[in-house]
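Q: Structure provided below as structure tokens; questions to follow.
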Amino acid sequence: MTRIILFAAVLLCASFPTFAQVLTSGTEFKIDYNAPKEYKIGGIKVVGTKFLDKNVLTTISGLTVGDRITVPGDQITNSIKKLWKQKLFSNVIIKVDYVQDGLIFLIIELEERPRMSKYRFFGVKKKEIDDLRESVRLVKLQIVTENLIINTENTVRNYFKNEGFLNVEVDVATKEDTSKVNSVSIEITVKKNEKVKIKNINFHGVTEFKDGQLYRTLKETKRKRIWVFKSAKYINHEFEGDKELLIEKFRSEGMRDAYIVSDSITKNDDNTINIDITINEGSKYYFRNITWLGNSKYSTKMLENRLNIKKGDIYSQQAIDEGLHMSANSSDVSSLYMDNGYLFFQVNPVEILVENDSIDIEVRIFEGKQARINKVTIVGNTKTNDRVILREIRTRPGELFRRSDIIRSQRELAQLRYFDPAKLAVNPVPNPADGTVDIEYVVEEKPSDQFTLSGGFGAGRIVGSAGLSFSNFSTRNFFKKGAWTPLPSGDGQTFSLRAQSNGKYFQSYNVSFVEPWLGGKKPNSLSVSAYHTIQNFSGTLAITGITTGLGRRKKFPDDFFASYYELGFKRYKLIESQSFLFSNGKSRTISMKYVLTRNSIDQPLFTRRGSALKFSCEATPPYSLFHLASDANYYDADGPYEQLEDADKYKYAEFFKIKATSSWYTNFTKNLVLYTNVGFGFLGSYSQDLEIPFERFFLGGNGLSGFNLLGQEIIGLRGYADRSLSGGSNGNTIISKYTSELRYLLSPNPNATIYALAFAEGGNTWSKFKDYSPFDVKRSAGFGIRIFLPAFGLLGFDFGYGFDSPDGSGSTEPHGWEPAFIIGMNLGDL
């Protein structure tokens, strides 16, 4: 057997394998360390590799055929070092194959490290596995090294520590994969243990704030307290974000040099931790002189008013940013310029002097030239036609760029309800060379058609309701081939069908159509609806009606205002009815309705800011004043109407109805919103000798009926039974209602938007104005949840406590707890 001489330098003995002397070609070959000998490399072979290129490995070794090497010498030692440095091998040996005529032939024998064939997690959830795969980034056939094992273990451990599992245990092991050559599988076992909760947070070095103020500054990191609803679990990445908020708190109060000296965690025996944060507050600074440089379009006085910082005010970077760039109501300096076309405007505040506790600021302005809009494009609309979107957008080619127009355009697109508000984006692309800007609006379609199911109490019985609403309908494409997918859509029209019934006793059918841009050039809407209702208990009542209306947006006082005019006809037919003023006969109502609204809410689903005001007046002609109710004489010796049958008195029903509502939305944070609403309604008649035969207000319950049932408006007031606050079974003619809701967004997903709420309400009804007392109300409070599903609309459940007794109960005790199922956006129309 041929024996081989192994080369290894003495200095490598600690790091690499040592090799014994061997024989080559039957001749003993010994290394004489006292007499090194020079050879010329005659050939090099690389053996033992499967995945790596042998020529590349030869090049990496630094050995080349034809080179002269000394044996023993540094060339072989350096080659071994170079190959080990690649971290690809578990063993590296350079052997002598044979020596002939001064030529030496070498063999580089390599043993590759094993490669990973697969990896698995144990002890974790599927979602956590998906996240961990993104973090560890292990790749099939990746070379398995000690560093890979250590890094994987640290990555997994840090992931769970960031999620609050400070006591997590991670084991990363390799297992030979016998199905593949030189392969192993990696098994990652995790024992999360319980999450660690925060017992105390201690602040050190703080004199300017009380601890309570600093606790409230930490948005995500909370102590374990009964009155704190947020989890007290320690999440590292959330804590890091809260530390930044903490420093911003100090800097907003003039301590611009404040910083966190240290933070530490101490473990307690009850699986809780204490957090200690040491802060260096630094000195407190104040604004002194603020000068302006580069402004020519607007005076320094006007810019100072926009900045709203006075000499002697506490120094705050936040105040500077809000005054120059980020005012919530667009009252900052940048808005002033950008609302007048100055897209290329730049402003840079510079601290030019810090003296004792005072700071001088120089605001340097580059106004640039005004930019005009070149192109406006839409991307992302797969269903809605471009013209439907473009008609809502306030930015027009050729006009000056205005940031307020972009903000308003986003609001108008959100109001359409065709797109996901969270995905709406605007991408201005400036062209400084020609002073223009291209504007791209990015939208993402969301389901807007709805199938609704609801139930409630109406007309003395349980009423079920089903409806279809197509909110992006297109009559233009009605006869277009291929447009039925499943219905023609894309033109922003609304087509609705609705049916209500409780079986044979009550049935109602309604169809409506709305064209929001009649003629396509101006936002003038046309609406048409028809309905038919049959009631078959306590006699028979059949109602058939039709309405048509025109709406238009106003420009004065501002373009948030809109008006709506509606003409309605309603025909009542009574047969042996016991529920109204007469039992047999027919009555007709011809009414004119006027509605004035102002709506500035940011989005309709989970509204965060804005207001919605509404005033409506509906009236019939004053038949009694015009002597048109009957062919008989109205007045005789016995007084008006004495000679008329009830059916003749109310042949033409007359009334007038006035309603007003005011809703306001105030956002405390992105997800926490206060909603307040005030509503009032009044029904009146022209003659004191005639009653109002059909129209009434009913108050109480969940308002699920929320529709105008037989002329009866049913208004919800949670915490009480349905219609229990209405002065009896016939309802009342005056109503007031007040609502306050604190809403918290749990899920912004447009396919399942969820928010929780706590509410307080009050309301009452009266039959006469002399008895009207707006603050004599039935009160309630409670909590609930809302879920918006695109296919079904808004669903919810409330649990309310009524603090007062219902009308006619004969009790002075509170009504107590009352559940309420909510379907639809409003609890009635107030």
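Letters A, B, ... go to the chains of the structure tokens in the order shown; residues in each chain start at 1; ligands are counted from 1 in the same order.
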Give me, as a VMD selection string, all polymer residues having an atom no more than 7 Å from segment 749-765 of chain A, counting only C-alpha atoms and skipping those fewer than 6 positions away in the same chain.

A: chain A and resid 420 717 725 to 727 732 734 to 743 777 to 790

Q: I need the residues from that last selection saved to file as a CSV table (one decimal), in the first residue's frame (with N, CA, C and O atoms), if you can.

A:
```csv
chain,number,residue,atom,x,y,z
A,420,ASP,N,-60.7,51.0,0.7
A,420,ASP,CA,-60.2,50.8,2.0
A,420,ASP,C,-59.5,52.1,2.4
A,420,ASP,O,-58.5,52.5,1.9
A,717,LEU,N,-83.2,53.9,22.4
A,717,LEU,CA,-82.5,54.5,23.6
A,717,LEU,C,-82.2,53.2,24.4
A,717,LEU,O,-83.0,52.6,25.0
A,725,LEU,N,-90.6,54.4,26.2
A,725,LEU,CA,-90.5,55.8,26.6
A,725,LEU,C,-91.3,56.7,25.7
A,725,LEU,O,-90.8,57.8,25.4
A,726,SER,N,-92.5,56.3,25.3
A,726,SER,CA,-93.2,57.0,24.3
A,726,SER,C,-94.6,57.5,24.7
A,726,SER,O,-95.4,57.9,23.9
A,727,GLY,N,-94.8,57.5,26.1
A,727,GLY,CA,-96.0,58.1,26.6
A,727,GLY,C,-97.2,57.2,26.3
A,727,GLY,O,-98.4,57.7,26.3
A,732,ASN,N,-95.7,59.8,20.8
A,732,ASN,CA,-95.7,61.3,21.1
A,732,ASN,C,-95.2,62.1,20.0
A,732,ASN,O,-94.7,61.6,19.0
A,734,ILE,N,-93.2,65.0,20.4
A,734,ILE,CA,-92.0,65.8,20.6
A,734,ILE,C,-91.0,64.8,21.2
A,734,ILE,O,-91.3,64.0,22.1
A,735,ILE,N,-89.8,64.9,20.8
A,735,ILE,CA,-88.7,64.0,21.3
A,735,ILE,C,-87.4,64.8,21.4
A,735,ILE,O,-87.1,65.6,20.5
A,736,SER,N,-86.6,64.4,22.4
A,736,SER,CA,-85.2,64.9,22.5
A,736,SER,C,-84.4,63.7,22.9
A,736,SER,O,-84.8,62.8,23.7
A,737,LYS,N,-83.2,63.6,22.4
A,737,LYS,CA,-82.3,62.5,22.8
A,737,LYS,C,-80.8,63.0,22.7
A,737,LYS,O,-80.4,63.8,21.9
A,738,TYR,N,-80.0,62.5,23.7
A,738,TYR,CA,-78.6,62.9,23.8
A,738,TYR,C,-77.8,61.7,24.0
A,738,TYR,O,-78.1,60.8,24.8
A,739,THR,N,-76.7,61.6,23.3
A,739,THR,CA,-75.9,60.4,23.3
A,739,THR,C,-74.4,60.8,23.4
A,739,THR,O,-73.9,61.7,22.7
A,740,SER,N,-73.7,60.0,24.2
A,740,SER,CA,-72.2,60.1,24.2
A,740,SER,C,-71.6,58.7,24.2
A,740,SER,O,-72.0,57.9,25.0
A,741,GLU,N,-70.7,58.5,23.3
A,741,GLU,CA,-70.0,57.2,23.2
A,741,GLU,C,-68.5,57.4,23.1
A,741,GLU,O,-68.0,58.2,22.4
A,742,LEU,N,-67.8,56.6,23.9
A,742,LEU,CA,-66.4,56.5,23.8
A,742,LEU,C,-66.0,55.2,23.1
A,742,LEU,O,-66.3,54.1,23.6
A,743,ARG,N,-65.4,55.4,21.9
A,743,ARG,CA,-65.2,54.2,21.0
A,743,ARG,C,-63.7,53.9,20.9
A,743,ARG,O,-62.9,54.8,20.8
A,777,VAL,N,-85.1,63.8,31.3
A,777,VAL,CA,-84.9,62.7,30.4
A,777,VAL,C,-84.7,61.4,31.2
A,777,VAL,O,-84.4,61.4,32.4
A,778,LYS,N,-84.9,60.3,30.5
A,778,LYS,CA,-84.6,59.0,31.0
A,778,LYS,C,-83.2,58.6,30.6
A,778,LYS,O,-82.8,58.7,29.5
A,779,ARG,N,-82.5,58.2,31.7
A,779,ARG,CA,-81.0,58.1,31.5
A,779,ARG,C,-80.6,56.6,31.4
A,779,ARG,O,-81.2,55.8,32.0
A,780,SER,N,-79.5,56.4,30.8
A,780,SER,CA,-78.9,55.0,30.7
A,780,SER,C,-77.4,55.1,30.4
A,780,SER,O,-76.9,56.1,30.0
A,781,ALA,N,-76.8,54.0,30.7
A,781,ALA,CA,-75.3,53.9,30.4
A,781,ALA,C,-75.0,52.4,30.2
A,781,ALA,O,-75.8,51.5,30.7
A,782,GLY,N,-73.9,52.1,29.6
A,782,GLY,CA,-73.6,50.7,29.3
A,782,GLY,C,-72.4,50.6,28.4
A,782,GLY,O,-71.6,51.6,28.2
A,783,PHE,N,-72.2,49.4,27.8
A,783,PHE,CA,-71.1,49.2,27.0
A,783,PHE,C,-71.5,48.2,25.9
A,783,PHE,O,-72.6,47.6,25.9
A,784,GLY,N,-70.7,48.1,24.8
A,784,GLY,CA,-71.1,47.3,23.7
A,784,GLY,C,-69.9,47.1,22.8
A,784,GLY,O,-68.8,47.5,23.0
A,785,ILE,N,-70.2,46.4,21.6
A,785,ILE,CA,-69.2,46.2,20.6
A,785,ILE,C,-69.9,46.2,19.3
A,785,ILE,O,-71.1,46.0,19.1
A,786,ARG,N,-69.1,46.7,18.3
A,786,ARG,CA,-69.6,46.7,16.9
A,786,ARG,C,-68.6,46.0,16.0
A,786,ARG,O,-67.4,46.1,16.1
A,787,ILE,N,-69.2,45.3,15.0
A,787,ILE,CA,-68.5,44.5,14.0
A,787,ILE,C,-69.0,44.9,12.6
A,787,ILE,O,-70.2,44.7,12.4
A,788,PHE,N,-68.2,45.4,11.8
A,788,PHE,CA,-68.6,45.7,10.4
A,788,PHE,C,-68.1,44.7,9.5
A,788,PHE,O,-66.9,44.4,9.3
A,789,LEU,N,-69.1,44.0,8.8
A,789,LEU,CA,-68.7,43.0,7.8
A,789,LEU,C,-69.3,43.5,6.5
A,789,LEU,O,-70.5,43.9,6.4
A,790,PRO,N,-68.5,43.7,5.4
A,790,PRO,CA,-68.9,44.3,4.2
A,790,PRO,C,-70.2,43.7,3.6
A,790,PRO,O,-71.0,44.4,3.1
```

Q: List the spatial neighbours of Thr278 of chain A as a list in words - criterion: any atom at most 8 Å away, only C-alpha atoms, same-chain residues fewer than 2 positions off excluded.

A: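 In the requested format, the answer is Phe203, His204, Gly205, Ile260, Val261, Ser262, Asp263, Asp276 and Asn280 of chain A.
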
Q: Got a sec to tell me which of segment 192-361 of chain A DSSP assigns to strand (DSSP E or B), as a PyMOL selection string?

A: chain A and resi 197-204+233+259-267+272-280+286-293+314+346-355+358-361

Q: Give me a file of those residues, with C-alpha atoms, as a compact mmCIF listing (two decimals), in the first residue's frame.

A:
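Output below, filename again.txt:
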```txt
# COMPACT_ATOMS: atom_id res chain seq x y z
CA LYS A 197 -45.53 41.04 34.07
CA ILE A 198 -44.37 44.40 35.31
CA LYS A 199 -44.87 44.99 39.02
CA ASN A 200 -43.30 48.43 39.40
CA ILE A 201 -41.70 51.09 37.24
CA ASN A 202 -39.32 53.31 39.15
CA PHE A 203 -37.99 56.63 37.85
CA HIS A 204 -34.75 58.09 39.16
CA LYS A 233 -46.77 42.19 30.20
CA TYR A 259 -31.55 61.47 28.00
CA ILE A 260 -31.90 58.08 29.65
CA VAL A 261 -28.76 57.29 31.59
CA SER A 262 -29.68 53.66 32.16
CA ASP A 263 -32.54 51.22 32.43
CA SER A 264 -32.50 47.89 34.16
CA ILE A 265 -34.80 44.98 34.94
CA THR A 266 -34.95 43.21 38.31
CA LYS A 267 -36.74 39.88 38.60
CA THR A 272 -42.84 39.76 37.88
CA ILE A 273 -40.17 42.36 37.22
CA ASN A 274 -39.34 45.84 38.35
CA ILE A 275 -38.09 48.36 35.80
CA ASP A 276 -35.74 51.10 36.93
CA ILE A 277 -35.18 54.05 34.61
CA THR A 278 -32.58 56.69 35.40
CA ILE A 279 -32.97 59.98 33.55
CA ASN A 280 -30.73 63.00 33.27
CA TYR A 286 -36.77 78.91 26.73
CA PHE A 287 -37.32 80.56 23.34
CA ARG A 288 -35.76 84.00 23.06
CA ASN A 289 -35.38 85.59 19.62
CA ILE A 290 -36.93 84.03 16.49
CA THR A 291 -35.86 85.56 13.19
CA TRP A 292 -36.98 84.76 9.63
CA LEU A 293 -34.80 84.58 6.55
CA ILE A 314 -40.73 76.92 27.08
CA GLN A 346 -38.60 74.30 2.29
CA VAL A 347 -38.22 75.56 5.84
CA ASN A 348 -35.33 74.83 8.17
CA PRO A 349 -35.21 76.08 11.79
CA VAL A 350 -31.64 76.51 13.05
CA GLU A 351 -30.46 77.15 16.60
CA ILE A 352 -28.03 80.03 16.13
CA LEU A 353 -27.31 80.81 19.75
CA VAL A 354 -27.70 79.00 23.06
CA GLU A 355 -26.99 81.36 25.95
CA SER A 358 -32.25 80.88 26.27
CA ILE A 359 -32.18 79.77 22.65
CA ASP A 360 -32.28 81.97 19.53
CA ILE A 361 -33.83 80.42 16.41
```

Q: Return as a list in words the full set of residues in segment 171-268 of chain A whose backbone-based DSSP assignment is helix (DSSP H, G or I).

A: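 Going through segment 171-268 of chain A, the helix (DSSP H, G or I) residues come out as Asp211, Gly212, Gln213, Leu214, Tyr215, Arg216, Thr217, Asn236, His237, Glu238, Phe239, Glu240, Gly241, Asp242, Lys243, Glu244, Leu245, Leu246, Ile247, Glu248, Lys249, Phe250 and Arg251 of chain A.
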
Q: How far is it from atom CA of Phe803 of chain A to atom CA of Ser663 of chain A, in Å with one decimal?

A: 23.9 Å

Q: Can you tell me which residues surround segment 598-610 of chain A at a distance of at most 8 Å, considering only C-alpha atoms, apart from same-chain residues fewer than 6 positions away, and format the answer as a ChimeraX atom specification?

A: /A:411,414-415,417,421,560-562,664-667,670-671,673,745

Q: Could you save those same residues with C-alpha atoms as a short mmCIF file (atom, residue, chain, number, x, y, z; two decimals), in the first residue's frame?

A:
```cif
data_model
loop_
_atom_site.label_atom_id
_atom_site.label_comp_id
_atom_site.auth_asym_id
_atom_site.auth_seq_id
_atom_site.Cartn_x
_atom_site.Cartn_y
_atom_site.Cartn_z
CA ARG A 411 -61.72 62.51 2.47
CA ALA A 414 -63.19 57.65 1.76
CA GLN A 415 -66.80 58.88 1.83
CA ARG A 417 -67.12 53.65 0.79
CA PRO A 421 -59.51 54.12 3.85
CA PHE A 560 -69.40 70.64 3.29
CA PHE A 561 -73.03 71.77 3.12
CA ALA A 562 -75.63 69.98 1.00
CA TRP A 664 -69.36 65.47 16.79
CA TYR A 665 -66.27 63.26 16.74
CA THR A 666 -63.18 64.00 18.83
CA ASN A 667 -60.14 61.75 18.61
CA LYS A 670 -55.67 57.15 16.62
CA ASN A 671 -57.94 54.44 18.03
CA VAL A 673 -62.70 58.54 19.74
CA LEU A 745 -60.88 50.55 17.59
#
```

Q: Between A:Ile186, A:Thr548, A:Phe792, A:Ser299, which has the minimum distance to Phe451 of chain A (counting only C-alpha atoms)?

A: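 Result for the nearest residue to Phe451 of chain A: A:Phe792.
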
Q: So that I can check the surroundings of Pro397 of chain A, please list as a VMD selection string every protein, DNA and RNA residue that reaches within 10 Å of it, counting only C-alpha atoms and ignoring chain neighbours fewer than 3 positions away.

A: chain A and resid 372 to 376 400 to 401 436 to 439

Q: How close does each residue of segment 559-666 of chain A get to segment 536-539 of chain A, giving the shortest atom pair and distance in Å to one decimal for every residue with an atom at most 8 Å away, counting only C-alpha atoms, sorted by chain and residue number, as a Markdown table?

A:
```
| residue | atom | partner | partner_atom | distance |
| --- | --- | --- | --- | --- |
| A:Leu574 | CA | A:Gly539 | CA | 7.6 |
| A:Ile575 | CA | A:Gly539 | CA | 5.8 |
| A:Glu576 | CA | A:Gly539 | CA | 4.7 |
| A:Ser577 | CA | A:Gly539 | CA | 3.9 |
| A:Gln578 | CA | A:Ser538 | CA | 5.4 |
| A:Ser579 | CA | A:Ser538 | CA | 6.8 |
```

Q: Which of these, A:Lys651, A:Lys85, A:Lys570, A:Lys127, has the shortest distance to Ser591 of chain A once you count only C-alpha atoms?

A: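 Comparing A:Lys651, A:Lys85, A:Lys570, A:Lys127 against Ser591 of chain A, the winner is A:Lys570.
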
Q: Just want the 8 Å neighbourhood of Leu343 of chain A, counted on only C-alpha atoms, with same-chain residues fewer than 5 positions away dropped. Output as a PyMOL selection string.

A: chain A and resi 337-338+368-371+401+430

Q: Go ahead and write the residues just picked, N, CA, C and O atoms, as a short mmCIF file (atom, residue, chain, number, x, y, z; two decimals), in the first residue's frame.

A:
```cif
data_model
loop_
_atom_site.label_atom_id
_atom_site.label_comp_id
_atom_site.auth_asym_id
_atom_site.auth_seq_id
_atom_site.Cartn_x
_atom_site.Cartn_y
_atom_site.Cartn_z
N TYR A 337 -47.96 78.00 2.68
CA TYR A 337 -47.28 78.04 1.39
C TYR A 337 -47.84 76.99 0.43
O TYR A 337 -48.12 77.28 -0.74
N MET A 338 -48.00 75.76 0.92
CA MET A 338 -48.40 74.67 0.02
C MET A 338 -49.85 74.79 -0.42
O MET A 338 -50.23 74.18 -1.42
N GLY A 368 -39.15 78.93 -3.36
CA GLY A 368 -39.28 78.31 -4.67
C GLY A 368 -40.37 78.99 -5.49
O GLY A 368 -40.90 80.03 -5.14
N LYS A 369 -40.72 78.37 -6.60
CA LYS A 369 -41.78 78.92 -7.43
C LYS A 369 -43.03 78.08 -7.31
O LYS A 369 -42.99 76.92 -6.91
N GLN A 370 -44.14 78.67 -7.66
CA GLN A 370 -45.41 77.96 -7.56
C GLN A 370 -45.47 76.82 -8.58
O GLN A 370 -45.02 76.98 -9.72
N ALA A 371 -46.05 75.70 -8.15
CA ALA A 371 -46.17 74.54 -9.02
C ALA A 371 -47.61 74.36 -9.48
O ALA A 371 -48.55 74.55 -8.69
N PHE A 401 -51.04 73.83 -7.29
CA PHE A 401 -51.00 72.75 -6.31
C PHE A 401 -51.45 73.29 -4.96
O PHE A 401 -51.02 74.35 -4.51
N PRO A 430 -43.01 65.70 -8.15
CA PRO A 430 -42.64 67.05 -8.59
C PRO A 430 -41.73 67.01 -9.83
O PRO A 430 -40.92 66.11 -10.00
#
```

Q: Using only C-alpha atoms, which of A:Lys192, A:Tyr505, A:Lys140, A:Tyr572 sits nearest Phe122 of chain A?

A: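 So, comparing all the options, the nearest one is A:Lys192.
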
Q: Write out as a list in words each polymer residue whose atoms come within 7 Å of Ser512 of chain A, counting only C-alpha atoms; drop sequence neighbours fewer than 6 positions from it.

A: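 My reading of the contact set: Phe495, Ser496, Leu497, Val528, Ser529 and Ala530 of chain A.
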
Q: How far is it from atom CA of Gln450 of chain A to atom CA of Gly482 of chain A, in Å with one decimal?

A: 22.0 Å

Q: Residues at most 10 Å from Val181 of chain A, counting only C-alpha atoms, excluding those fewer than 2 positions away in the same chain, as a PyMOL selection string?

A: chain A and resi 50+114-115+117+176-179+183-184

Q: Could you write out the selected residues, including N, CA and C atoms, as a short mmCIF file (atom, residue, chain, number, x, y, z; two decimals), in the first residue's frame?

A:
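That gives us result.cif:
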```cif
data_model
loop_
_atom_site.label_atom_id
_atom_site.label_comp_id
_atom_site.auth_asym_id
_atom_site.auth_seq_id
_atom_site.Cartn_x
_atom_site.Cartn_y
_atom_site.Cartn_z
N LYS A 50 -18.44 17.60 -2.52
CA LYS A 50 -19.59 17.23 -3.32
C LYS A 50 -20.28 18.45 -3.93
N PRO A 114 -21.64 19.39 7.30
CA PRO A 114 -22.96 18.92 6.87
C PRO A 114 -23.85 20.08 6.44
N ARG A 115 -24.77 19.78 5.56
CA ARG A 115 -25.72 20.79 5.09
C ARG A 115 -27.11 20.48 5.65
N SER A 117 -30.88 19.88 5.59
CA SER A 117 -31.90 19.39 4.66
C SER A 117 -33.27 19.96 5.00
N GLU A 176 -28.89 13.73 12.30
CA GLU A 176 -28.45 13.23 11.00
C GLU A 176 -29.64 12.82 10.15
N ASP A 177 -29.62 13.28 8.90
CA ASP A 177 -30.65 12.92 7.95
C ASP A 177 -30.12 11.77 7.10
N THR A 178 -30.55 10.55 7.39
CA THR A 178 -30.02 9.37 6.72
C THR A 178 -30.49 9.25 5.28
N SER A 179 -31.47 10.04 4.90
CA SER A 179 -31.97 9.95 3.52
C SER A 179 -31.11 10.74 2.55
N SER A 183 -25.99 15.28 5.34
CA SER A 183 -27.06 16.24 5.64
C SER A 183 -27.58 16.02 7.05
N VAL A 184 -28.05 17.13 7.65
CA VAL A 184 -28.66 17.06 8.97
C VAL A 184 -29.94 17.89 8.96
#
```

Q: Between atom CA of Ser469 of chain A and atom CA of Leu518 of chain A, what distance in Å does the model show, to one decimal?

A: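 Calculated distance between atom CA of Ser469 of chain A and atom CA of Leu518 of chain A is 19.7 Å.
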